[in-house]
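To start, the structure itself, in structure tokens.
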Amino acid sequence: MSEVILSVKDLQVRFPLTRSMFTKRKYLYAVDGVSFELNRGETLAIVGESGSGKTTTALAIARLIKAYAGQVQLGDIDLLSLHGSELRDVRNRMQFIFQDPYSSLNPRLRAEHIVREPLDSQGRLSAQDKEQRVDELFKAVGLRPEQKRLFPHQFSGGQRQRIGIARALATQPDLIICDEPVSALDVAVQAQILNLLRKLQSEFSLTYLFISHDLGVVQHMCDYVAVMYKGKIVEYADRLSLFNNPQHSYTKELLAAVPTITL
Ligand SMILES: Nc1ncnc2c1ncn2[C@@H]1O[C@H](COP(=O)(O)OP(=O)(O)O)[C@@H](O)[C@H]1O
Ligand SMILES: [Mg+2]
């Protein structure tokens, strides 16, 4: 039986556009009634052009920005109703992998410290257990143990993204949100990182919410695809159906922008 890890119902996020006293305040409906479910061990891709509301959806799910309305369940936890320490506890169950491995890692910390940090804030493991866990994570993402002592600037872009991935895995989260994780990387390196994410998924049965503006990137990465356009999901389908038989004209446009589709 498949287990629903993430359930999102009618999620809405609005940003105020005008602040005049005399006109009615207008809003940008950045996320406008988004609903989907994601099962453990599966990947849902959210695809859409820049500005369609993908990142805002992810940030609202993770409670990093405020949702205007809707419901988000992580397992059986009602995320949007949590406060204070409850919210802090649940934060470790969701981790992000960000687009830019150059700016998302603290340049002053050694790689081992960056990867260990989520474990430090969780405060569950002894120093020795944490060190062992960091070693395992380095190995899992294809970094060498002696690289632990280096600082982010001493790594290539792809290696930095490996550090970001190791960090995201540290607390064994139920959900990993990848927001354009390869968009800042060279094409050859993109393939390596995508392969790594797939390998890790099968090894640790990870659940990914995988955000990209590029259908080509997700074609080997996802079980389901939600196509987002102006804050709404305009098409939702399993991977093969979406690539073989796109329904919405906007999906067809996105497909046409992918140079080669190989299934
Ligand atoms: N903090 C914010 N304040 C105001 N508008 C925002 C904010 N964040 C995003 N937006 C707007 O919301 C829309 C969706 O943005 P975003 O979720 O970043 O899109 P995507 O990730 O799909 O490129 C865009 O029009 C963007 O300009
Ligand atoms: Mg974005």
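Naming scheme: A, B, ... for chains in displayed order of the structure tokens; residues 1 onward per chain; ligands 1 onward as shown.
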
Selection within 12 Å of ligand 2 by only C-alpha atoms and all ligand atoms, output as an mmCIF file with C-alpha atoms, in the first residue's frame:
data_model
loop_
_atom_site.group_PDB
_atom_site.id
_atom_site.type_symbol
_atom_site.label_atom_id
_atom_site.label_comp_id
_atom_site.auth_asym_id
_atom_site.auth_seq_id
_atom_site.Cartn_x
_atom_site.Cartn_y
_atom_site.Cartn_z
ATOM 1 C CA ALA A 30 1.051 33.609 -6.558
ATOM 2 C CA ILE A 46 6.315 20.638 -10.345
ATOM 3 C CA VAL A 47 7.134 22.184 -13.685
ATOM 4 C CA GLY A 48 6.367 25.625 -15.030
ATOM 5 C CA GLU A 49 7.969 28.760 -16.371
ATOM 6 C CA SER A 50 9.718 31.253 -14.125
ATOM 7 C CA GLY A 51 7.195 33.144 -11.982
ATOM 8 C CA SER A 52 4.500 30.462 -12.145
ATOM 9 C CA GLY A 53 4.530 29.999 -8.365
ATOM 10 C CA LYS A 54 6.647 26.855 -7.888
ATOM 11 C CA THR A 55 9.024 28.193 -5.244
ATOM 12 C CA THR A 56 6.229 29.993 -3.434
ATOM 13 C CA THR A 57 4.315 26.705 -3.258
ATOM 14 C CA ALA A 58 7.359 24.962 -1.754
ATOM 15 C CA LEU A 59 8.067 27.745 0.734
ATOM 16 C CA PHE A 98 18.376 24.742 -3.414
ATOM 17 C CA GLN A 99 19.236 25.895 -6.898
ATOM 18 C CA ASP A 100 22.411 27.734 -6.204
ATOM 19 C CA ILE A 177 12.114 19.561 -1.650
ATOM 20 C CA CYS A 178 14.505 20.071 -4.553
ATOM 21 C CA ASP A 179 14.039 23.571 -5.964
ATOM 22 C CA GLU A 180 15.766 23.755 -9.360
ATOM 23 C CA PRO A 181 18.650 21.681 -7.957
ATOM 24 C CA SER A 183 19.629 24.719 -12.950
ATOM 25 C CA PHE A 210 11.163 18.216 -7.485
ATOM 26 C CA ILE A 211 10.766 21.713 -8.870
ATOM 27 C CA SER A 212 12.066 22.690 -12.289
ATOM 28 C CA HIS A 213 11.294 25.106 -15.107
ATOM 29 C CA ASP A 214 12.604 22.460 -17.530
ATOM 30 C CA MET A 228 1.993 24.942 -13.010
ATOM 31 C CA GLY A 231 -0.340 29.932 -9.685
#

Next item on the list: as a PyMOL selection string, list the residues of region 2-142 of chain A assigned to helix (DSSP H, G or I) by DSSP on the backbone atoms of this structure.
Entry: chain A and resi 54-61+79-81+84-91+111-122+127-140

Notebook entry, point to check: Quick one, how far is CA of Leu206 (chain A) from CA of Thr43 (chain A)?
Noted result: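 Between CA of Leu206 (chain A) and CA of Thr43 (chain A) the gap is 8.5 Å.
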
Note to self: Please report the interatomic distance between CA of Phe96 (chain A) and CA of Ser126 (chain A) in Å with one decimal.
What the structure shows: 24.3 Å

Margin query: Which residues are near Val227 (chain A)? Cut-off 9 Å, only C-alpha atoms, ignore same chain within fewer than 5 positions. Put them as an MDAnalysis selection string.
Written below: chainID A and resid 45:48 232:237 250:251

Can you spit out the residues from that selection as a tab-separated table (two decimals), in the first residue's frame, using N, CA and C atoms?
chain	number	residue	atom	x	y	z
A	45	ALA	N	7.14	15.98	-9.76
A	45	ALA	CA	7.78	17.16	-10.34
A	45	ALA	C	6.74	18.26	-10.46
A	46	ILE	N	7.13	19.45	-10.04
A	46	ILE	CA	6.31	20.64	-10.34
A	46	ILE	C	7.08	21.43	-11.39
A	47	VAL	N	6.45	21.56	-12.56
A	47	VAL	CA	7.13	22.18	-13.68
A	47	VAL	C	6.33	23.39	-14.16
A	48	GLY	N	7.04	24.44	-14.51
A	48	GLY	CA	6.37	25.63	-15.03
A	48	GLY	C	7.39	26.71	-15.26
A	232	LYS	N	-1.57	28.13	-10.75
A	232	LYS	CA	-2.49	26.99	-10.73
A	232	LYS	C	-1.83	25.76	-11.35
A	233	ILE	N	-2.27	24.58	-10.93
A	233	ILE	CA	-1.84	23.36	-11.62
A	233	ILE	C	-2.80	23.16	-12.80
A	234	VAL	N	-2.26	23.26	-14.01
A	234	VAL	CA	-3.13	23.17	-15.18
A	234	VAL	C	-3.16	21.75	-15.75
A	235	GLU	N	-2.17	20.95	-15.40
A	235	GLU	CA	-2.20	19.55	-15.82
A	235	GLU	C	-1.46	18.72	-14.80
A	236	TYR	N	-2.01	17.52	-14.53
A	236	TYR	CA	-1.36	16.61	-13.59
A	236	TYR	C	-1.46	15.22	-14.20
A	237	ALA	N	-0.33	14.54	-14.32
A	237	ALA	CA	-0.37	13.20	-14.94
A	237	ALA	C	0.84	12.41	-14.52
A	250	TYR	N	-0.37	24.56	-22.73
A	250	TYR	CA	0.84	25.06	-22.08
A	250	TYR	C	1.86	23.93	-21.86
A	251	THR	N	1.36	22.73	-21.54
A	251	THR	CA	2.27	21.57	-21.40
A	251	THR	C	2.94	21.29	-22.74

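For Lys66 (chain A), the non-local neighbours within 10 Å, defined as residues at least 5 positions apart in the same chain or in other chains and counting only C-alpha atoms, are Gln12, Val13, Arg14, Phe15, Thr56, Leu59, Ala60, Ile61 and Leu80 of chain A.
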
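Nearest-residue note for Val218 (chain A): choosing from A:Leu79, A:Leu44, A:Val189, A:Leu109, the minimum distance belongs to A:Leu44, counting only C-alpha atoms.
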
Note to self: Let's see if you can do this: from backbone DSSP, list all strand (DSSP E) residues in region 117-199 of chain A, as number ranges by chain.
What the structure shows: A: 175-179

Next item on the list: With a distance cut-off of 12 Å and only C-alpha atoms, select the neighbouring residues of Asp120 (chain A), excluding the residue or stretch itself and same-chain residues fewer than 5 positions from it, and output the selection as number ranges by chain.
Entry: A: 92, 112-115, 125-131, 133-134, 167, 170-171

Those residues with N, CA and C atoms, as a PDB file, in the first residue's frame please?
ATOM      1  N   ASN A  92      12.768  19.511  10.726  1.00  0.00           N
ATOM      2  CA  ASN A  92      13.798  18.539  10.338  1.00  0.00           C
ATOM      3  C   ASN A  92      13.253  17.393   9.497  1.00  0.00           C
ATOM      4  N   GLU A 112      32.194  19.535   6.549  1.00  0.00           N
ATOM      5  CA  GLU A 112      31.656  18.606   7.558  1.00  0.00           C
ATOM      6  C   GLU A 112      30.681  19.319   8.493  1.00  0.00           C
ATOM      7  N   HIS A 113      30.969  20.590   8.780  1.00  0.00           N
ATOM      8  CA  HIS A 113      30.116  21.360   9.678  1.00  0.00           C
ATOM      9  C   HIS A 113      28.764  21.653   9.013  1.00  0.00           C
ATOM     10  N   ILE A 114      28.831  21.984   7.712  1.00  0.00           N
ATOM     11  CA  ILE A 114      27.603  22.265   6.958  1.00  0.00           C
ATOM     12  C   ILE A 114      26.679  21.049   6.960  1.00  0.00           C
ATOM     13  N   VAL A 115      27.274  19.891   6.743  1.00  0.00           N
ATOM     14  CA  VAL A 115      26.471  18.660   6.680  1.00  0.00           C
ATOM     15  C   VAL A 115      25.952  18.274   8.071  1.00  0.00           C
ATOM     16  N   LEU A 125      21.955  13.118  18.684  1.00  0.00           N
ATOM     17  CA  LEU A 125      23.066  12.182  18.590  1.00  0.00           C
ATOM     18  C   LEU A 125      24.285  12.681  19.359  1.00  0.00           C
ATOM     19  N   SER A 126      25.100  11.740  19.828  1.00  0.00           N
ATOM     20  CA  SER A 126      26.370  12.105  20.453  1.00  0.00           C
ATOM     21  C   SER A 126      27.315  12.622  19.375  1.00  0.00           C
ATOM     22  N   ALA A 127      28.378  13.315  19.817  1.00  0.00           N
ATOM     23  CA  ALA A 127      29.353  13.857  18.871  1.00  0.00           C
ATOM     24  C   ALA A 127      29.925  12.747  17.993  1.00  0.00           C
ATOM     25  N   GLN A 128      30.176  11.611  18.605  1.00  0.00           N
ATOM     26  CA  GLN A 128      30.770  10.496  17.861  1.00  0.00           C
ATOM     27  C   GLN A 128      29.794   9.950  16.807  1.00  0.00           C
ATOM     28  N   ASP A 129      28.540   9.794  17.197  1.00  0.00           N
ATOM     29  CA  ASP A 129      27.531   9.300  16.249  1.00  0.00           C
ATOM     30  C   ASP A 129      27.336  10.283  15.091  1.00  0.00           C
ATOM     31  N   LYS A 130      27.399  11.567  15.437  1.00  0.00           N
ATOM     32  CA  LYS A 130      27.243  12.575  14.384  1.00  0.00           C
ATOM     33  C   LYS A 130      28.392  12.493  13.393  1.00  0.00           C
ATOM     34  N   GLU A 131      29.590  12.305  13.919  1.00  0.00           N
ATOM     35  CA  GLU A 131      30.750  12.228  13.037  1.00  0.00           C
ATOM     36  C   GLU A 131      30.626  11.021  12.103  1.00  0.00           C
ATOM     37  N   ARG A 133      27.857   9.616  11.176  1.00  0.00           N
ATOM     38  CA  ARG A 133      26.772   9.902  10.226  1.00  0.00           C
ATOM     39  C   ARG A 133      27.283  10.811   9.095  1.00  0.00           C
ATOM     40  N   VAL A 134      28.075  11.812   9.460  1.00  0.00           N
ATOM     41  CA  VAL A 134      28.628  12.713   8.437  1.00  0.00           C
ATOM     42  C   VAL A 134      29.508  11.918   7.471  1.00  0.00           C
ATOM     43  N   ARG A 167      23.694  17.367   3.308  1.00  0.00           N
ATOM     44  CA  ARG A 167      23.084  18.122   4.405  1.00  0.00           C
ATOM     45  C   ARG A 167      21.572  17.856   4.479  1.00  0.00           C
ATOM     46  N   ALA A 170      20.778  14.551   6.097  1.00  0.00           N
ATOM     47  CA  ALA A 170      21.337  14.278   7.426  1.00  0.00           C
ATOM     48  C   ALA A 170      20.299  13.805   8.436  1.00  0.00           C
ATOM     49  N   THR A 171      19.137  14.458   8.472  1.00  0.00           N
ATOM     50  CA  THR A 171      18.149  14.125   9.504  1.00  0.00           C
ATOM     51  C   THR A 171      17.160  13.047   9.044  1.00  0.00           C
TER      52      THR A 171
END

Check: Which one is closest to Asp76 (chain A): A:Ala256, A:Leu119, A:Leu150, A:Val4? Count only C-alpha atoms.
Finding: A:Val4

Margin query: When you count only C-alpha atoms and all ligand atoms, which of these residues is closest to ligand 1: A:Ile97, A:Ala67, A:Tyr229, A:Leu254?
Written below: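 Closest to ligand 1, using only C-alpha atoms and all ligand atoms: A:Tyr229.
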
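The nearest approach to Ser2 (chain A) among the residues A:Lys24, A:Arg40, A:Arg88, A:Lys199, with only C-alpha atoms taken into account, belongs to A:Arg40.
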
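The nearest approach to Leu74 (chain A) among the residues A:Ile163, A:Leu6, A:Val34, A:Leu17, with only C-alpha atoms taken into account, belongs to A:Leu6.
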
Next item on the list: Calculate how many Å separate CA of Cys222 (chain A) from CA of Thr207 (chain A), rounding to one decimal.
Entry: 10.4 Å
